[in-house]
Each structure stands twice: as C-alpha cells, then as structure tokens.
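Colleague: Just so it is clear, I am handing over final17.pdb, which has PDB, C-alpha atoms.
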ATOM      1  CA  MET Y 251      24.165 -20.293  24.723
ATOM      2  CA  THR Y 252      27.052 -21.345  26.912
ATOM      3  CA  ASP Y 253      27.813 -17.935  28.386
ATOM      4  CA  THR Y 254      25.262 -17.243  31.095
ATOM      5  CA  ASN Y 255      26.008 -13.539  30.821
ATOM      6  CA  ARG Y 256      24.500 -13.414  27.341
ATOM      7  CA  PRO Y 257      20.985 -12.179  26.589
ATOM      8  CA  THR Y 258      18.244 -14.715  27.106
ATOM      9  CA  GLY Y 259      15.059 -12.725  26.609
ATOM     10  CA  ALA Y 260      12.557 -10.493  28.302
ATOM     11  CA  ILE Y 261      11.740 -10.868  31.971
ATOM     12  CA  ASN Y 262       8.015 -10.394  32.514
ATOM     13  CA  LEU Y 263       7.306  -9.110  35.997
ATOM     14  CA  ALA Y 264       3.768 -10.548  36.226
ATOM     15  CA  HIS Y 265       5.015 -13.966  35.169
ATOM     16  CA  LYS Y 266       7.839 -13.903  37.685
ATOM     17  CA  LEU Y 267       5.424 -12.842  40.408
ATOM     18  CA  SER Y 268       3.213 -15.844  39.570
ATOM     19  CA  LEU Y 269       6.071 -18.185  40.457
ATOM     20  CA  PHE Y 270       6.094 -17.567  44.199
ATOM     21  CA  SER Y 271       3.752 -16.723  47.025
ATOM     22  CA  ASP Y 272       5.920 -16.374  50.116
ATOM     23  CA  LEU Y 273       5.905 -12.969  51.728
ATOM     24  CA  TRP Y 274       8.868 -10.755  52.655
ATOM     25  CA  THR Y 275      11.344 -12.871  50.711
ATOM     26  CA  GLN Y 276      13.289 -11.102  47.992
ATOM     27  CA  LYS Y 277      13.600 -12.987  44.696
ATOM     28  CA  LYS Y 278      16.406 -11.957  42.373
ATOM     29  CA  ILE Y 279      15.331 -11.787  38.730
ATOM     30  CA  ALA Y 280      18.341 -10.047  37.175
ATOM     31  CA  ASP Y 281      21.804  -8.687  37.820
ATOM     32  CA  LEU Y 282      22.748  -5.146  36.901
ATOM     33  CA  ASN Y 283      26.513  -4.890  37.346
ATOM     34  CA  ASP Y 284      26.946  -5.467  41.087
ATOM     35  CA  TYR Y 285      23.329  -4.576  41.787
ATOM     36  CA  GLU Y 286      20.415  -6.979  42.016
ATOM     37  CA  VAL Y 287      16.954  -6.532  40.548
ATOM     38  CA  LYS Y 288      14.505  -8.295  42.876
ATOM     39  CA  LEU Y 289      10.815  -8.903  43.355
ATOM     40  CA  ALA Y 290       9.004  -9.341  46.647
ATOM     41  CA  LYS Y 291       5.481  -9.782  47.938
ATOM     42  CA  LEU Y 292       4.614  -7.975  51.121
ATOM     43  CA  LYS Y 293       1.682  -8.011  53.499
ATOM     44  CA  GLY Y 294       1.596  -6.649  56.990
ATOM     45  CA  GLU Y 295       4.258  -4.660  58.766
ATOM     46  CA  PHE Y 296       7.992  -5.250  58.430
ATOM     47  CA  VAL Y 297      10.622  -4.069  60.933
ATOM     48  CA  TRP Y 298      12.107  -0.620  61.300
ATOM     49  CA  HIS Y 299      15.593  -0.683  59.819
ATOM     50  CA  SER Y 300      18.078   1.243  57.769
ATOM     51  CA  HIS Y 301      20.885   0.489  55.330
ATOM     52  CA  GLU Y 302      23.922   2.519  56.292
ATOM     53  CA  GLU Y 303      25.821   1.834  53.085
ATOM     54  CA  THR Y 304      23.245   2.128  50.352
ATOM     55  CA  ASP Y 305      20.127   3.688  48.936
ATOM     56  CA  GLU Y 306      17.282   1.281  48.178
ATOM     57  CA  MET Y 307      14.833   1.647  45.296
ATOM     58  CA  PHE Y 308      11.215   0.490  45.560
ATOM     59  CA  LEU Y 309       8.796   0.360  42.621
ATOM     60  CA  VAL Y 310       5.289  -0.877  43.344
ATOM     61  CA  VAL Y 311       4.016  -3.306  40.707
ATOM     62  CA  GLY Y 312       0.656  -4.076  42.352
ATOM     63  CA  GLY Y 313      -1.059  -3.220  45.613
ATOM     64  CA  ARG Y 314      -0.184  -0.392  47.931
ATOM     65  CA  LEU Y 315       2.913   0.139  50.044
ATOM     66  CA  THR Y 316       3.409   2.619  52.841
ATOM     67  CA  ILE Y 317       7.000   3.376  53.726
ATOM     68  CA  ARG Y 318       6.977   4.797  57.219
ATOM     69  CA  LEU Y 319       9.771   7.224  57.993
ATOM     70  CA  ARG Y 320      10.903   8.680  61.301
ATOM     71  CA  GLU Y 321      11.809  12.192  60.253
ATOM     72  CA  THR Y 322       9.472  12.955  57.386
ATOM     73  CA  ASP Y 323       5.963  12.082  56.215
ATOM     74  CA  ASP Y 324       5.183   8.504  55.285
ATOM     75  CA  VAL Y 325       5.455   7.744  51.580
ATOM     76  CA  VAL Y 326       2.485   5.911  50.078
ATOM     77  CA  LEU Y 327       3.094   4.063  46.814
ATOM     78  CA  GLY Y 328       0.614   2.536  44.394
ATOM     79  CA  PRO Y 329       1.296   0.755  41.104
ATOM     80  CA  GLY Y 330       3.764   2.700  38.993
ATOM     81  CA  ASP Y 331       5.066   4.684  41.964
ATOM     82  CA  LEU Y 332       8.753   4.648  42.742
ATOM     83  CA  PHE Y 333      10.704   5.767  45.785
ATOM     84  CA  VAL Y 334      14.350   5.682  46.795
ATOM     85  CA  VAL Y 335      15.024   5.369  50.518
ATOM     86  CA  PRO Y 336      18.314   7.188  51.032
ATOM     87  CA  ARG Y 337      21.131   5.407  52.804
ATOM     88  CA  GLY Y 338      20.951   5.663  56.559
ATOM     89  CA  VAL Y 339      17.285   6.641  56.643
ATOM     90  CA  GLU Y 340      15.292   4.455  59.002
ATOM     91  CA  HIS Y 341      12.158   3.095  57.376
ATOM     92  CA  CYS Y 342       9.430   0.527  57.932
ATOM     93  CA  PRO Y 343       7.488  -0.933  54.986
ATOM     94  CA  VAL Y 344       3.815  -1.635  55.663
ATOM     95  CA  ALA Y 345       1.292  -3.171  53.266
ATOM     96  CA  GLU Y 346      -2.336  -3.505  54.315
ATOM     97  CA  GLU Y 347      -3.124  -5.605  51.253
ATOM     98  CA  GLU Y 348      -0.757  -8.000  49.497
ATOM     99  CA  THR Y 349       1.614  -5.842  47.521
ATOM    100  CA  ALA Y 350       4.185  -6.676  44.864
ATOM    101  CA  ILE Y 351       7.331  -4.616  44.525
ATOM    102  CA  LEU Y 352      10.436  -4.380  42.390
ATOM    103  CA  LEU Y 353      13.530  -3.620  44.452
ATOM    104  CA  ILE Y 354      16.953  -2.558  43.225
ATOM    105  CA  GLU Y 355      20.031  -2.277  45.415
ATOM    106  CA  PRO Y 356      23.593  -3.592  45.549
ATOM    107  CA  ALA Y 357      24.039  -7.356  45.814
ATOM    108  CA  GLY Y 358      24.279  -8.692  49.330
ATOM    109  CA  VAL Y 359      22.173  -6.072  51.071
ATOM    110  CA  LEU Y 360      20.056  -7.795  53.700
ATOM    111  CA  ASN Y 361      16.340  -7.083  53.869
ATOM    112  CA  THR Y 362      16.420  -6.078  57.524
ATOM    113  CA  GLY Y 363      19.504  -3.856  57.220
ATOM    114  CA  ASP Y 364      20.919  -2.896  60.594
ATOM    115  CA  ALA Y 365      17.975  -4.350  62.529
ATOM    116  CA  GLY Y 366      18.542  -8.075  62.005
ATOM    117  CA  GLY Y 367      16.105 -10.409  63.732
ATOM    118  CA  PRO Y 368      13.910 -13.307  62.658
ATOM    119  CA  LEU Y 369      12.726 -11.721  59.411
ATOM    120  CA  THR Y 370      16.279 -11.505  58.061
ATOM    121  CA  LYS Y 371      16.633 -13.462  54.815
ATOM    122  CA  PRO Y 372      19.126 -13.291  51.989
ATOM    123  CA  ALA Y 373      17.655 -12.830  48.527
ATOM    124  CA  GLU Y 374      16.829 -16.022  46.621
ATOM    125  CA  THR Y 375      17.320 -16.401  42.892
ATOM    126  CA  LEU Y 376      14.126 -16.876  40.921
ATOM    127  CA  ASP Y 377      14.788 -18.787  37.710
TER     128      ASP Y 377
ATOM    129  CA  MET H  82      13.274  20.084  54.265
ATOM    130  CA  THR H  83      16.642  21.659  53.759
ATOM    131  CA  ASP H  84      18.564  18.492  52.957
ATOM    132  CA  THR H  85      17.846  17.568  49.366
ATOM    133  CA  ASN H  86      18.857  13.995  50.140
ATOM    134  CA  ARG H  87      15.822  13.560  52.374
ATOM    135  CA  PRO H  88      12.621  11.825  51.288
ATOM    136  CA  THR H  89      10.168  14.000  49.413
ATOM    137  CA  GLY H  90       7.477  11.562  48.344
ATOM    138  CA  ALA H  91       6.478   9.066  45.722
ATOM    139  CA  ILE H  92       7.546   9.446  42.114
ATOM    140  CA  ASN H  93       4.684   8.483  39.824
ATOM    141  CA  LEU H  94       5.973   7.247  36.493
ATOM    142  CA  ALA H  95       2.860   8.185  34.499
ATOM    143  CA  HIS H  96       2.930  11.709  35.902
ATOM    144  CA  LYS H  97       6.606  12.128  35.120
ATOM    145  CA  LEU H  98       6.017  10.843  31.595
ATOM    146  CA  SER H  99       3.303  13.486  31.116
ATOM    147  CA  LEU H 100       5.873  16.228  31.668
ATOM    148  CA  PHE H 101       7.834  15.752  28.458
ATOM    149  CA  SER H 102       7.334  14.701  24.884
ATOM    150  CA  ASP H 103      10.772  14.764  23.285
ATOM    151  CA  LEU H 104      12.026  11.442  22.001
ATOM    152  CA  TRP H 105      15.332   9.706  22.723
ATOM    153  CA  THR H 106      16.193  12.058  25.586
ATOM    154  CA  GLN H 107      16.761  10.472  28.951
ATOM    155  CA  LYS H 108      15.152  12.259  31.903
ATOM    156  CA  LYS H 109      16.545  11.548  35.339
ATOM    157  CA  ILE H 110      13.842  11.091  37.982
ATOM    158  CA  ALA H 111      15.896   9.740  40.888
ATOM    159  CA  ASP H 112      19.366   8.887  42.089
ATOM    160  CA  LEU H 113      20.202   5.470  43.480
ATOM    161  CA  ASN H 114      23.688   5.752  44.972
ATOM    162  CA  ASP H 115      25.845   6.535  41.912
ATOM    163  CA  TYR H 116      23.208   5.175  39.545
ATOM    164  CA  GLU H 117      20.497   7.152  37.823
ATOM    165  CA  VAL H 118      16.853   6.185  37.401
ATOM    166  CA  LYS H 119      15.663   7.680  34.116
ATOM    167  CA  LEU H 120      12.650   7.788  31.843
ATOM    168  CA  ALA H 121      12.668   8.113  28.075
ATOM    169  CA  LYS H 122      10.226   8.106  25.198
ATOM    170  CA  LEU H 123      11.304   6.313  22.070
ATOM    171  CA  LYS H 124       9.934   6.041  18.569
ATOM    172  CA  GLY H 125      11.792   4.805  15.518
ATOM    173  CA  GLU H 126      15.225   3.263  15.387
ATOM    174  CA  PHE H 127      18.175   4.336  17.494
ATOM    175  CA  VAL H 128      21.835   3.638  16.662
ATOM    176  CA  TRP H 129      23.750   0.428  17.205
ATOM    177  CA  HIS H 130      26.003   0.931  20.196
ATOM    178  CA  SER H 131      27.402  -0.726  23.282
ATOM    179  CA  HIS H 132      28.506   0.325  26.749
ATOM    180  CA  GLU H 133      31.864  -1.216  27.493
ATOM    181  CA  GLU H 134      31.818  -0.391  31.187
ATOM    182  CA  THR H 135      28.305  -1.168  32.312
ATOM    183  CA  ASP H 136      25.128  -3.202  32.053
ATOM    184  CA  GLU H 137      21.982  -1.228  31.219
ATOM    185  CA  MET H 138      18.501  -2.039  32.537
ATOM    186  CA  PHE H 139      15.379  -1.388  30.480
ATOM    187  CA  LEU H 140      11.829  -1.680  31.835
ATOM    188  CA  VAL H 141       9.003  -0.919  29.423
ATOM    189  CA  VAL H 142       6.268   1.213  31.001
ATOM    190  CA  GLY H 143       4.110   1.590  27.890
ATOM    191  CA  GLY H 144       4.344   0.621  24.225
ATOM    192  CA  ARG H 145       6.640  -1.977  22.749
ATOM    193  CA  LEU H 146      10.396  -2.004  22.460
ATOM    194  CA  THR H 147      12.560  -4.280  20.377
ATOM    195  CA  ILE H 148      16.183  -4.505  21.409
ATOM    196  CA  ARG H 149      18.084  -5.789  18.414
ATOM    197  CA  LEU H 150      21.207  -7.783  19.216
ATOM    198  CA  ARG H 151      24.021  -8.950  16.947
ATOM    199  CA  GLU H 152      24.760 -12.330  18.445
ATOM    200  CA  THR H 153      21.436 -13.507  19.810
ATOM    201  CA  ASP H 154      17.739 -13.165  19.063
ATOM    202  CA  ASP H 155      16.103  -9.769  19.348
ATOM    203  CA  VAL H 156      14.399  -9.118  22.664
ATOM    204  CA  VAL H 157      10.858  -7.763  22.437
ATOM    205  CA  LEU H 158       9.516  -5.967  25.503
ATOM    206  CA  GLY H 159       5.970  -4.890  26.327
ATOM    207  CA  PRO H 160       4.684  -3.153  29.461
ATOM    208  CA  GLY H 161       6.039  -4.817  32.592
ATOM    209  CA  ASP H 162       8.889  -6.491  30.706
ATOM    210  CA  LEU H 163      12.430  -5.933  31.856
ATOM    211  CA  PHE H 164      15.762  -6.656  30.210
ATOM    212  CA  VAL H 165      19.381  -6.035  31.140
ATOM    213  CA  VAL H 166      21.760  -5.496  28.230
ATOM    214  CA  PRO H 167      25.097  -6.822  29.474
ATOM    215  CA  ARG H 168      28.138  -4.590  29.251
ATOM    216  CA  GLY H 169      29.871  -4.728  25.903
ATOM    217  CA  VAL H 170      26.900  -6.205  24.061
ATOM    218  CA  GLU H 171      26.061  -4.236  20.950
ATOM    219  CA  HIS H 172      22.377  -3.373  20.763
ATOM    220  CA  CYS H 173      19.956  -1.204  18.847
ATOM    221  CA  PRO H 174      16.640  -0.129  20.398
ATOM    222  CA  VAL H 175      13.733   0.084  17.963
ATOM    223  CA  ALA H 176      10.159   1.183  18.737
ATOM    224  CA  GLU H 177       7.516   1.072  16.035
ATOM    225  CA  GLU H 178       5.054   2.911  18.234
ATOM    226  CA  GLU H 179       5.880   5.540  20.829
ATOM    227  CA  THR H 180       7.230   3.652  23.805
ATOM    228  CA  ALA H 181       8.014   4.739  27.339
ATOM    229  CA  ILE H 182      10.827   3.113  29.266
ATOM    230  CA  LEU H 183      12.466   3.222  32.656
ATOM    231  CA  LEU H 184      16.252   2.964  32.429
ATOM    232  CA  ILE H 185      18.725   2.341  35.221
ATOM    233  CA  GLU H 186      22.484   2.574  34.834
ATOM    234  CA  PRO H 187      25.424   4.367  36.455
ATOM    235  CA  ALA H 188      25.410   8.175  36.296
ATOM    236  CA  GLY H 189      27.182   9.658  33.306
ATOM    237  CA  VAL H 190      26.587   6.820  30.858
ATOM    238  CA  LEU H 191      25.846   8.353  27.463
ATOM    239  CA  ASN H 192      22.834   7.127  25.507
ATOM    240  CA  THR H 193      24.852   6.288  22.400
ATOM    241  CA  GLY H 194      27.659   4.506  24.279
ATOM    242  CA  ASP H 195      30.662   3.871  22.077
ATOM    243  CA  ALA H 196      28.900   4.975  18.894
ATOM    244  CA  GLY H 197      28.607   8.723  19.501
ATOM    245  CA  GLY H 198      27.051  10.762  16.714
ATOM    246  CA  PRO H 199      24.243  13.292  16.455
ATOM    247  CA  LEU H 200      21.824  11.433  18.753
ATOM    248  CA  THR H 201      24.234  11.665  21.674
ATOM    249  CA  LYS H 202      22.673  13.542  24.600
ATOM    250  CA  PRO H 203      23.446  13.589  28.293
ATOM    251  CA  ALA H 204      20.527  12.810  30.581
ATOM    252  CA  GLU H 205      18.449  15.776  31.720
ATOM    253  CA  THR H 206      16.982  16.082  35.192
ATOM    254  CA  LEU H 207      13.190  16.052  35.318
ATOM    255  CA  ASP H 208      11.935  17.923  38.375
TER     256      ASP H 208
END
The structure given in the file should be rewritten as structure tokens.
Modeller:
Amino acid sequence: MTDTNRPTGAINLAHKLSLFSDLWTQKKIADLNDYEVKLAKLKGEFVWHSHEETDEMFLVVGGRLTIRLRETDDVVLGPGDLFVVPRGVEHCPVAEEETAILLIEPAGVLNTGDAGGPLTKPAETLD
Amino acid sequence: MTDTNRPTGAINLAHKLSLFSDLWTQKKIADLNDYEVKLAKLKGEFVWHSHEETDEMFLVVGGRLTIRLRETDDVVLGPGDLFVVPRGVEHCPVAEEETAILLIEPAGVLNTGDAGGPLTKPAETLD
C-alpha cells in the first residue's frame, strides 16, 4: 500500500508494550484525526502538572496507577479502568509498581504540561 | 462536587458493560474535549458505511470483531486490539460472537455514518 493513511491491520497493545521498556516516555501507536493514541510505562512518581488546553484520557492496561489531584480525592486505576483528567486540573501520576497505560490526547501535548522540567519529553512514534 | 466537569473517579469498563445488554447502541461513558468515549456491544453484521469527516477508533474489550474493508484486507480484532478506521474508508463491522468495544470519535458522529437506515442511533449516555 502506498498511502500510509490506509488500513494496515490490528494494533495489539500487549505486543506494542513488549517493544519498549523505558519509563515515562510516551510512544505513539496510532493517529486519530489530530489526536494521538499513545502507550507509556510508568513507575514511581511523576511531576505535578496540568494541561490548560486539553483533557487527557488514561486507560490502564496493566498495573495500578494513582492520579493524585489537588482538589478532589485521588483516582486509583487498575486494568480496564479509564479516567479523563479535565483540562486545567493539576494532577500527579504515581505508580508503585510498573504500570502500562494507554493515553489519548491531541497531538503535540507535552507530558509535563505547564510544569516543564527534566522529565519533559515529546512523544516518540512506535512502529 | 457541584461542577460536573470535576473528577469523580475511575470508570471501570467491565462494570459499565454490565449495565446494558442492547446491541449496536453506543453508550457514552466519558467526554474527552469534543470527543466521546463510548462502549458498545455488537453481534452479527452491521451496515457498510463510512464517516467522511472523521477517523474512528475501535478497541476490543471482549470477544472478536472483524472490520470488513473494501480496498484492503479485513482487520480482525481480539481483546486488547485497537484499530483506527481512517475517515472516508468504507467499513462494515461484523461480530460472530457478542463483542464489547470501546469507541472514540468526535461527539455527534452517527453510528451508520453516510449510510443511514434503520440501525441509525445517536449515542446514549451511560451514567
């Protein structure tokens, strides 16, 4: 197929997760209009940050993710649990064990949002 | 919490799927900016259709979904398999067994796209 926008088959999340081991680095696995579908592996505590311009969807594939929030109770997610952090809401992801997540948000959103700092990384494409 | 846009906790996909049994009816479980995160149960063959204005993301939660395509090979999805049907690509979802999917696309996209007909239903909100 010469048109890269044409269907090329199923994307298996477990297989894609087997292709990388680095933590806190988002790996793009698909485009959805101007959104990106990404995987990441997390362990430890990230930085408090927010995204002023966009909601951010988390779906836990394996492990356990706590999303700490300033104004409301923490949200604890296991496999098959989904949560949308609303735009502008400060949050801090924490994973005591290694945790795999599916993330969906508009292309170009940085992982550290408004906080910046050494953990800031653009998403990488996972082929 | 008085602001309905504030966090209210994890959304468990299996629990949400236990709340309905009707087939081919999309149930909204979350908003992601102007996109909707929806669940549906499928069994049998849907109608050939396309969405001229948007890509459509399918993630199989349980069962097995075949997405028939006119121009390229069918895409067969099991649990943990994801596929994005590009905008304008005619497709026909088929599930031999009852299959549960997570769907993400912009709000207001009709299930039958350009085809219309008796299976056309707007998404319902699942509380």
Colleague: One number please: CA of Arg145 in chain H to CA of Ala290 in chain Y, in Å, one decimal.
Modeller: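 Between CA of Arg145 in chain H and CA of Ala290 in chain Y the gap is 25.1 Å.
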Colleague: For the PyMOL selection byres ((chain Y and resi 286) around 10), applied here, can you spell out every residue it catches as a ChimeraX atom specification?
Modeller: /Y:277-285,287-289,353-359,373,375
Colleague: When you get a sec, could you note down which chain H residues fall within 9 Å of chain Y, using only C-alpha atoms, as JSON, numbers by chain?
Modeller: {"H": [82, 86, 87, 88, 89, 90, 91, 92, 93, 94, 95, 111, 112, 113, 114, 135, 136, 137, 138, 142, 150, 152, 153, 154, 155, 156, 157, 158, 159, 160, 161, 162, 163, 164, 165, 166, 167, 168, 170, 185, 186]}
Colleague: Which distance in Å separates CA of His341 in chain Y and CA of Leu369 in chain Y, to one decimal?
Modeller: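 Interatomic distance, CA of His341 in chain Y to CA of Leu369 in chain Y: 15.0 Å.
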Colleague: What is the CA of Leu191 in chain H-CA of Gln107 in chain H distance in Å, reported with one decimal?
Modeller: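 Computed distance, CA of Leu191 in chain H to CA of Gln107 in chain H, equals 9.4 Å.
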Colleague: Could you state which residues are captured by the PyMOL selection byres ((chain H and resi 195) around 8) in this file, as a list in words?
Modeller: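 On the file shown, the PyMOL selection byres ((chain H and resi 195) around 8) covers His130, Ser131, His132, Glu133, Thr193, Gly194, Ala196 and Gly197 of chain H.
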Colleague: Keeping only C-alpha atoms, write the selected residues as a compact mmCIF listing (two decimals), keeping the file's coordinate frame.
Modeller:
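Saved to result-v7.txt:
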# COMPACT_ATOMS: atom_id res chain seq x y z
CA HIS H 130 26.00 0.93 20.20
CA SER H 131 27.40 -0.73 23.28
CA HIS H 132 28.51 0.32 26.75
CA GLU H 133 31.86 -1.22 27.49
CA THR H 193 24.85 6.29 22.40
CA GLY H 194 27.66 4.51 24.28
CA ALA H 196 28.90 4.97 18.89
CA GLY H 197 28.61 8.72 19.50
Colleague: Write range 167-195 of chain H as a CSV table (one decimal), in the frame of the given file, completed to N, CA and C atoms.
Modeller:
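selection.csv, written as the output of this step:
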chain,number,residue,atom,x,y,z
H,167,PRO,N,23.8,-6.7,28.8
H,167,PRO,CA,25.1,-6.8,29.5
H,167,PRO,C,26.1,-5.8,28.9
H,168,ARG,N,27.1,-5.5,29.7
H,168,ARG,CA,28.1,-4.6,29.3
H,168,ARG,C,28.8,-5.2,28.0
H,169,GLY,N,29.1,-4.3,27.1
H,169,GLY,CA,29.9,-4.7,25.9
H,169,GLY,C,29.0,-5.4,24.8
H,170,VAL,N,27.8,-5.6,25.1
H,170,VAL,CA,26.9,-6.2,24.1
H,170,VAL,C,26.3,-5.1,23.2
H,171,GLU,N,26.6,-5.2,21.9
H,171,GLU,CA,26.1,-4.2,21.0
H,171,GLU,C,24.6,-4.4,20.8
H,172,HIS,N,23.8,-3.3,20.8
H,172,HIS,CA,22.4,-3.4,20.8
H,172,HIS,C,21.8,-2.1,20.1
H,173,CYS,N,20.6,-2.3,19.5
H,173,CYS,CA,20.0,-1.2,18.8
H,173,CYS,C,18.5,-1.2,19.2
H,174,PRO,N,18.0,-0.2,20.0
H,174,PRO,CA,16.6,-0.1,20.4
H,174,PRO,C,15.8,0.4,19.2
H,175,VAL,N,14.7,-0.3,19.0
H,175,VAL,CA,13.7,0.1,18.0
H,175,VAL,C,12.3,0.1,18.5
H,176,ALA,N,11.5,1.1,18.3
H,176,ALA,CA,10.2,1.2,18.7
H,176,ALA,C,9.3,1.6,17.6
H,177,GLU,N,8.4,0.7,17.2
H,177,GLU,CA,7.5,1.1,16.0
H,177,GLU,C,6.5,2.1,16.5
H,178,GLU,N,6.0,1.9,17.7
H,178,GLU,CA,5.1,2.9,18.2
H,178,GLU,C,5.8,3.7,19.3
H,179,GLU,N,5.2,4.8,19.7
H,179,GLU,CA,5.9,5.5,20.8
H,179,GLU,C,5.9,4.7,22.1
H,180,THR,N,7.0,4.6,22.7
H,180,THR,CA,7.2,3.7,23.8
H,180,THR,C,7.9,4.4,24.9
H,181,ALA,N,7.4,4.1,26.1
H,181,ALA,CA,8.0,4.7,27.3
H,181,ALA,C,8.8,3.7,28.1
H,182,ILE,N,10.0,4.1,28.5
H,182,ILE,CA,10.8,3.1,29.3
H,182,ILE,C,11.4,3.8,30.5
H,183,LEU,N,11.7,2.9,31.5
H,183,LEU,CA,12.5,3.2,32.7
H,183,LEU,C,13.8,2.6,32.4
H,184,LEU,N,14.9,3.4,32.7
H,184,LEU,CA,16.3,3.0,32.4
H,184,LEU,C,17.0,3.1,33.7
H,185,ILE,N,17.8,2.2,34.1
H,185,ILE,CA,18.7,2.3,35.2
H,185,ILE,C,20.1,1.9,34.8
H,186,GLU,N,21.1,2.8,35.1
H,186,GLU,CA,22.5,2.6,34.8
H,186,GLU,C,23.3,3.6,35.6
H,187,PRO,N,24.6,3.4,35.7
H,187,PRO,CA,25.4,4.4,36.5
H,187,PRO,C,25.3,5.8,35.9
H,188,ALA,N,25.4,6.8,36.7
H,188,ALA,CA,25.4,8.2,36.3
H,188,ALA,C,26.5,8.4,35.3
H,189,GLY,N,26.2,9.2,34.3
H,189,GLY,CA,27.2,9.7,33.3
H,189,GLY,C,27.3,8.8,32.1
H,190,VAL,N,26.6,7.7,32.1
H,190,VAL,CA,26.6,6.8,30.9
H,190,VAL,C,25.8,7.5,29.7
H,191,LEU,N,26.5,7.7,28.6
H,191,LEU,CA,25.8,8.4,27.5
H,191,LEU,C,24.9,7.4,26.7
H,192,ASN,N,23.9,7.9,26.2
H,192,ASN,CA,22.8,7.1,25.5
H,192,ASN,C,23.4,6.4,24.3
H,193,THR,N,24.3,6.9,23.6
H,193,THR,CA,24.9,6.3,22.4
H,193,THR,C,26.1,5.5,22.7
H,194,GLY,N,26.5,5.4,23.9
H,194,GLY,CA,27.7,4.5,24.3
H,194,GLY,C,28.9,4.8,23.5
H,195,ASP,N,29.4,3.7,22.9
H,195,ASP,CA,30.7,3.9,22.1
H,195,ASP,C,30.4,4.4,20.7
